[in-house]
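Before any comments, here is the structure.
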Amino acid sequence: MTAQLPRLPKGFLFGAATASYQIEGAVDADGRGPSIWDTFAHTPGAVAGGDTGDVACDHYHRYAEDVALLAQLGAGAYRFSIAWPRIQPDGKGGVNAAGLDFYQRLVDELIDAGITPMATLYHWDLPQPLEDAGGWRERDTAERFADYAAIVHEALADRVPYWITLNEPFCSSFIGYAEGRHAPGAQEGHGALAAAHHLLVGHGLAVRAMRAQRKNDERFGITLNMNHVTPATDAPADVAAAARAELLANRVFSDPVLAGRYPEGEAELWSPISDFSFRRDGDLALAHEPLDFLGVNNYFPQYAKDAPSQEPDLSRRVATDIGVVDVPPASLPQTAMPWPAEPDGLRRLLVWLRDSYPDLPPIYVTENGAAYPDTVLDGTVDDQQRIAYLDGHLRAVAQAVDEGVDVRGYFCWSLLDNFEWAYGYAKRFGLVYVDYPTQQRIPKASYHWYRQLIEQHA
Ligand code: PNW
């Protein structure tokens, strides 16, 4: 049945990823404060089915069982995120020791199991008091983020070798402050661009703060979600639309971080809605703080077509309204999101990164995976579509490596089915099925497939 498994280089790191708000639950435990996702999820109409992360996978209490699942998988590494409101309930000031202790226990459990921890400091759960003061629209949030990063790093760096500042600043800024599909649910122009900028500033300040107190040889990186972009047709208007889409999807973050410049055309693209007055001297150097690795999250490619703007009134135009629609070829299969599944899109993205940035650091694919409508039959989940998706994407990574791109690891999203943000529990990305009423974990066929693949590389 299974033909040859994908083959990655010796020493390649295989892992799985999760995020705090999506799995932990226990939102009131041990002094945790509210985050913007608690507020958003409890806003009627914001999340499908009225779902919230209040309980999620109850990972806060079941972390030992979940680490055991990683160990049985043979995972070399585990990427998890730390909930800022557990560490600093108000987003600033003293440390909530009980909250920090949870991550101490988790890290100890991972080390005991021989699994390398990769910690993400910010996977979208901003302390609500900081949002009440303006959130990422304000430069102060970037400074508070660096304080928080230094606290967590100080406590865990003796055992955590990989540090990711931000997960997908694109989503935090453009989905949260322009589209409004994510917390805090704002629909803005200038405010979303300010948020994107302050996330870059916060990233740089955090890397500097952590590097200044480096303990061992820990590595510092950032995770960007990126998509390879192709013009839908070779009509000049679509070629221009693809350049705008690439700017918004990738270059807004990758140009400052990897090349120390603002992307060409950025100021012109958004000049109708923002004067970029949030930029200060020295900010580009912060964003361009040297990185030990780049985390890349990728799920799908984009096919850009020129389209009219949605909002003629400039005072109401949001930052993502750039006159582009995404029209993937009808021939591509779709996942449940529904996102088009095209493994070669990941290869093209990795090659694009290599060709675009001469000083590109080593890459880890920190997320890739797919949602499908899984069902339990006789106690098992036979998710052949997910196996095909992962198989194709791992082959695409292997091909990129053959073509000379320095990719060092791959983390499947996700270890567990979990709270899929605006979609709630309706979308399942896990290698492990979670029966939410009982919290029973059922490894899917894809889990066993991934275990074999990892074993074959041992
Ligand atoms: C990523 N989009 O989010 C996140 O890092 C995960 O927390 C999430 O569960 C996973 O991908 C699957 O969605 C994204 O709309 C959310 O393009 C939305 C988009 C991309 C990534």
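We name chains A, B, ... following the order of the structure tokens; residues begin at 1 in each chain, and ligands are numbered from 1 as shown.
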
Based on DSSP run over this structure's backbone, return all residues of range 258-393 of chain A in alpha helix (DSSP H), as a PyMOL selection string.
chain A and resi 258-259+266-270+283-287+343-356+384-393

Just the residues within 6 Å of range 365-370 of chain A, please, counting only C-alpha atoms, with nothing from its chain fewer than 3 positions along; format it as a compact mmCIF listing (two decimals) with all heavy atoms, in the first residue's frame.
```
# COMPACT_ATOMS: atom_id res chain seq x y z
N GLY A 295 11.68 30.55 10.54
CA GLY A 295 10.56 29.60 10.54
C GLY A 295 9.61 29.97 9.42
O GLY A 295 9.26 31.14 9.26
N VAL A 296 9.22 28.98 8.63
CA VAL A 296 8.28 29.22 7.54
C VAL A 296 7.04 28.34 7.75
O VAL A 296 7.17 27.12 7.88
CB VAL A 296 8.92 28.89 6.18
CG1 VAL A 296 7.88 28.96 5.05
CG2 VAL A 296 10.07 29.84 5.88
N ASN A 297 5.87 28.98 7.80
CA ASN A 297 4.62 28.24 7.82
C ASN A 297 4.01 28.33 6.44
O ASN A 297 3.92 29.43 5.87
CB ASN A 297 3.62 28.83 8.82
CG ASN A 297 4.04 28.64 10.26
OD1 ASN A 297 5.04 27.99 10.55
ND2 ASN A 297 3.27 29.21 11.17
N ASN A 298 3.59 27.21 5.89
CA ASN A 298 2.96 27.25 4.57
C ASN A 298 1.89 26.18 4.46
O ASN A 298 2.08 25.05 4.88
CB ASN A 298 4.01 27.06 3.47
CG ASN A 298 3.37 26.98 2.08
OD1 ASN A 298 3.30 25.90 1.49
ND2 ASN A 298 2.87 28.08 1.58
N TYR A 299 0.77 26.59 3.89
CA TYR A 299 -0.35 25.67 3.69
C TYR A 299 -0.81 25.60 2.24
O TYR A 299 -1.31 24.59 1.81
CB TYR A 299 -1.53 26.12 4.57
CG TYR A 299 -1.26 25.92 6.04
CD1 TYR A 299 -0.63 26.91 6.80
CD2 TYR A 299 -1.57 24.73 6.66
CE1 TYR A 299 -0.36 26.72 8.15
CE2 TYR A 299 -1.30 24.53 8.01
CZ TYR A 299 -0.69 25.52 8.74
OH TYR A 299 -0.40 25.31 10.06
N TYR A 410 11.13 20.06 9.81
CA TYR A 410 9.73 20.14 9.39
C TYR A 410 8.84 19.81 10.58
O TYR A 410 9.05 18.80 11.26
CB TYR A 410 9.49 19.13 8.27
CG TYR A 410 8.05 18.99 7.82
CD1 TYR A 410 7.58 19.71 6.72
CD2 TYR A 410 7.17 18.12 8.46
CE1 TYR A 410 6.26 19.58 6.28
CE2 TYR A 410 5.85 17.98 8.03
CZ TYR A 410 5.42 18.71 6.95
OH TYR A 410 4.11 18.58 6.52
N PHE A 411 7.88 20.69 10.86
CA PHE A 411 6.94 20.47 11.96
C PHE A 411 5.54 20.37 11.40
O PHE A 411 5.06 21.30 10.75
CB PHE A 411 7.01 21.64 12.96
CG PHE A 411 8.30 21.71 13.72
CD1 PHE A 411 9.46 22.15 13.10
CD2 PHE A 411 8.37 21.34 15.05
CE1 PHE A 411 10.66 22.21 13.78
CE2 PHE A 411 9.55 21.40 15.76
CZ PHE A 411 10.71 21.83 15.12
N CYS A 412 4.92 19.24 11.64
CA CYS A 412 3.56 19.06 11.17
C CYS A 412 2.60 19.88 12.04
O CYS A 412 2.68 19.86 13.27
CB CYS A 412 3.20 17.58 11.24
SG CYS A 412 1.52 17.27 10.72
N TRP A 413 1.69 20.62 11.40
CA TRP A 413 0.57 21.23 12.11
C TRP A 413 -0.62 20.32 11.92
O TRP A 413 -1.06 20.18 10.81
CB TRP A 413 0.24 22.64 11.58
CG TRP A 413 -0.86 23.22 12.41
CD1 TRP A 413 -2.20 23.16 12.19
CD2 TRP A 413 -0.68 23.93 13.66
NE1 TRP A 413 -2.87 23.77 13.21
CE2 TRP A 413 -1.97 24.24 14.12
CE3 TRP A 413 0.43 24.31 14.41
CZ2 TRP A 413 -2.17 24.93 15.33
CZ3 TRP A 413 0.22 24.99 15.60
CH2 TRP A 413 -1.08 25.30 16.04
N PHE A 429 -6.96 19.51 12.25
CA PHE A 429 -5.64 19.45 11.62
C PHE A 429 -4.74 18.39 12.26
O PHE A 429 -3.59 18.23 11.86
CB PHE A 429 -4.91 20.80 11.79
CG PHE A 429 -5.23 21.85 10.74
CD1 PHE A 429 -6.29 22.73 10.91
CD2 PHE A 429 -4.44 21.97 9.59
CE1 PHE A 429 -6.56 23.72 9.96
CE2 PHE A 429 -4.71 22.96 8.66
CZ PHE A 429 -5.76 23.83 8.83
```

Atom-to-atom span, CA of Gly114 in chain A and CA of Ala56 in chain A, Å:
26.3 Å

I'd like the contact shell of range 116-125 of chain A - 6 Å cut-off, only C-alpha atoms, skipping same-chain residues fewer than 4 positions apart - returned as a VMD selection string.
chain A and resid 35 37 77 to 82 160 162 to 167

So that I can see what lies close to Gly25 in chain A, please list as an MDAnalysis selection string the residues with an atom at most 9 Å from it, counting only C-alpha atoms and leaving out residues fewer than 6 positions away in the same chain.
chainID A and resid 53:61

Could you check which of A:Val201, A:Ala388, A:Val351, A:Leu110 is closest to Glu138 in chain A, using only C-alpha atoms?
A:Val201

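Note that atom 13 (O, counted along the ligand's line) of ligand 1 and CA of Asp283 in chain A are 29.5 Å apart.
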
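Considering only C-alpha atoms and all ligand atoms, the residue among A:Lys444, A:Arg208, A:Arg428, A:Lys92 positioned nearest to ligand 1 is A:Arg428.
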
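Taking CA of Gly49 in chain A and CA of Ala422 in chain A as the two end points, the separation is 9.4 Å.
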
Residue contacts of Ser277 in chain A (12 Å, only C-alpha atoms) excluding same-chain residues fewer than 4 positions away, as a ChimeraX atom specification:
/A:137-139,190-191,193-194,197-198,267,271,273,281

Keeping N, CA and C atoms, export the residues of the selection given above as a PDB file, in the first residue's frame.
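again-v1.pdb, written as the output of this step:
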```
ATOM      1  N   ARG A 137      -1.201  48.408  17.765  1.00  0.00           N
ATOM      2  CA  ARG A 137      -1.168  49.725  17.109  1.00  0.00           C
ATOM      3  C   ARG A 137      -0.152  50.635  17.802  1.00  0.00           C
ATOM      4  N   GLU A 138       0.141  50.293  19.057  1.00  0.00           N
ATOM      5  CA  GLU A 138       1.009  51.149  19.879  1.00  0.00           C
ATOM      6  C   GLU A 138       2.407  50.569  20.018  1.00  0.00           C
ATOM      7  N   ARG A 139       3.375  51.444  19.940  1.00  0.00           N
ATOM      8  CA  ARG A 139       4.764  51.031  20.096  1.00  0.00           C
ATOM      9  C   ARG A 139       5.031  50.433  21.486  1.00  0.00           C
ATOM     10  N   HIS A 190      -4.737  52.287   8.542  1.00  0.00           N
ATOM     11  CA  HIS A 190      -3.529  52.741   9.226  1.00  0.00           C
ATOM     12  C   HIS A 190      -3.217  51.902  10.471  1.00  0.00           C
ATOM     13  N   GLY A 191      -4.240  51.558  11.254  1.00  0.00           N
ATOM     14  CA  GLY A 191      -4.026  50.809  12.498  1.00  0.00           C
ATOM     15  C   GLY A 191      -3.409  49.440  12.238  1.00  0.00           C
ATOM     16  N   LEU A 193      -1.542  48.621   9.641  1.00  0.00           N
ATOM     17  CA  LEU A 193      -0.158  48.822   9.186  1.00  0.00           C
ATOM     18  C   LEU A 193       0.749  49.168  10.358  1.00  0.00           C
ATOM     19  N   ALA A 194       0.207  49.947  11.308  1.00  0.00           N
ATOM     20  CA  ALA A 194       0.972  50.246  12.525  1.00  0.00           C
ATOM     21  C   ALA A 194       1.228  48.957  13.302  1.00  0.00           C
ATOM     22  N   HIS A 197       3.987  46.982  11.736  1.00  0.00           N
ATOM     23  CA  HIS A 197       5.278  47.600  12.011  1.00  0.00           C
ATOM     24  C   HIS A 197       5.725  47.339  13.455  1.00  0.00           C
ATOM     25  N   HIS A 198       4.811  47.506  14.391  1.00  0.00           N
ATOM     26  CA  HIS A 198       5.199  47.326  15.798  1.00  0.00           C
ATOM     27  C   HIS A 198       5.499  45.868  16.126  1.00  0.00           C
ATOM     28  N   ALA A 267       5.022  51.945   0.341  1.00  0.00           N
ATOM     29  CA  ALA A 267       4.477  53.265   0.681  1.00  0.00           C
ATOM     30  C   ALA A 267       3.431  53.694  -0.353  1.00  0.00           C
ATOM     31  N   SER A 271      -0.341  54.438   0.449  1.00  0.00           N
ATOM     32  CA  SER A 271      -0.347  55.890   0.704  1.00  0.00           C
ATOM     33  C   SER A 271      -1.767  56.474   0.794  1.00  0.00           C
ATOM     34  N   ILE A 273      -4.129  55.342   2.484  1.00  0.00           N
ATOM     35  CA  ILE A 273      -4.739  55.104   3.806  1.00  0.00           C
ATOM     36  C   ILE A 273      -3.793  55.311   4.983  1.00  0.00           C
ATOM     37  N   ASP A 281      13.547  56.094  13.030  1.00  0.00           N
ATOM     38  CA  ASP A 281      14.935  55.745  12.709  1.00  0.00           C
ATOM     39  C   ASP A 281      15.348  54.557  13.572  1.00  0.00           C
TER      40      ASP A 281
END
```

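Minimum distance to ligand 1 across A:Glu179, A:Glu268, A:Asp158, A:Glu311 (counting only C-alpha atoms and all ligand atoms) occurs at A:Glu179.
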
Under the rule that only C-alpha atoms and all ligand atoms are counted, which of A:Met226, A:Ala64, A:Val405, A:Val318 is the nearest residue to ligand 1?
A:Met226
